[in-house]
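Below is one structure, written out as structure tokens; the observations come after it.
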Amino acid sequence: MNKKTLNVGIIYALLAYLLWGVLPIYWKMLDEVNAGGVLAHRIIWSFVFLVLMIIFTNQIKAFFKAAALIFNSKKTIMILFAASIVISLNWLTFIWAVQNDFVIQTSLGYYINPLISVVMGIIFLKERLSLAQALAVGLATISVLYLTFSYGVFPWVSLILAFSFATYGLLKKFISINSIYSLTIETLFITPIALIFLIFFNQNNTQFIDFSTLTISLLIGAGIATAIPLILFGRAVQDLSLSFIGILQYLAPTIMLILGIFLYNESFTKAHFISFTLIWIALIIYLASSLLDNSKHS
């Protein structure tokens, strides 16, 4: 890989994680719309944006070819449908958490997520866990338990975010489909559910007339805010090693943590500090182990 390609990949990755990191600001600006309504609009407008992108980038034939292969496989359909449900749960939890002042918990969730993925890889993909990785997972577990018992609040937001996104990643491991086409099919599955929810169960969020121009723009723009980071990430993965991507991915939860403490003035107690310190130590051990393993096999 030449230096130019590497630099381009780094730029794409940094942009993706920067956008993911500042997303809490976006959802915070939609406080007048409940989390379910925001999620429904996010799904619908994501689908619209992805379809338009496929059309304007002349990928219609390629998309329909991929869709035909998908719908000819019951296994692939089930995996993508399950992925659409899991990512919807992740999005809903994230939006609700941000709107209800749990930005620090969202940050913790995305710090924990890679370690949950390691455990899932062992259980479902028969991957082996090194001593260093086992230590990292153990420290993460101690961190969550310490926060639960000392702070008196079970970090369910963090765990739902971590487990749902790790499960989403695991499901995508079982299929090999263009990321844009895959996300389009996933949003296709849940767009009818989102429409039904808005029309029959959340009518206040169906009528744009009650919203400000800014809120309407943000709801429609939710599709772009969702798809762009995923597209940038998909492009970055092509140019960078997974270990390097693994290092950069902690930019997003670090930004969320800073936002939660300094912008939204959320409580950051001694228990939080100790828990996050344990998580950071676990991540350093995990990343160092991964980089060492990669250097041995390169």
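Chain labels follow the order of the structure tokens: the first chain is A, the next B, and so on; residue numbering restarts at 1 in every chain, and ligands are counted from 1 in their shown order.
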Show me, as a tab-separated table, the residues of stretch 59-144 of chain A having an atom within 12 Å of stretch 6-24 of chain A, each with the closest atom pair and its distance in Å, using only C-alpha atoms.
```
residue	atom	partner	partner_atom	distance
A:Trp91	CA	A:Leu23	CA	11.2
A:Thr93	CA	A:Pro24	CA	11.9
A:Phe94	CA	A:Pro24	CA	8.3
A:Ile95	CA	A:Pro24	CA	7.7
A:Trp96	CA	A:Pro24	CA	10.3
A:Ala97	CA	A:Pro24	CA	9.1
A:Val98	CA	A:Pro24	CA	5.8
A:Gln99	CA	A:Pro24	CA	8.4
A:Asn100	CA	A:Pro24	CA	11.0
A:Asp101	CA	A:Pro24	CA	9.9
A:Phe102	CA	A:Pro24	CA	9.9
A:Val103	CA	A:Pro24	CA	7.2
A:Ile104	CA	A:Pro24	CA	10.5
A:Gln105	CA	A:Pro24	CA	11.8
A:Thr106	CA	A:Pro24	CA	9.2
A:Ser107	CA	A:Gly21	CA	8.9
A:Tyr110	CA	A:Gly21	CA	10.3
```
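Excluding A:Leu219 itself and same-chain residues fewer than 4 positions from it, the residues having an atom within 9 Å of it are Leu30, Val38, His41, Arg42, Trp45, Leu214, Thr215 and Gly223 of chain A, counting only C-alpha atoms.
Residue nearest A:Asn178 within the list A:Thr191, A:Ser212, A:Ser88, A:Gln238: A:Gln238 [criterion: smallest interatomic distance, only C-alpha atoms].
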Test item: residues at most 7 Å from A:Leu92, only C-alpha atoms, excluding those fewer than 6 positions along its chain, as an MDAnalysis selection string
chainID A and resid 35:36 39
inquiry  = Applying 10 Å and only C-alpha atoms, which residues near stretch 54-57 of chain A remain after dropping the ones on its own chain fewer than 4 positions away? List them as a PyMOL selection string.
reply    = chain A and resi 49-50+61-63+180-181+184
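Atom to atom, atom CA of A:Ala40 and atom CA of A:Ile60 stand 25.3 Å apart.
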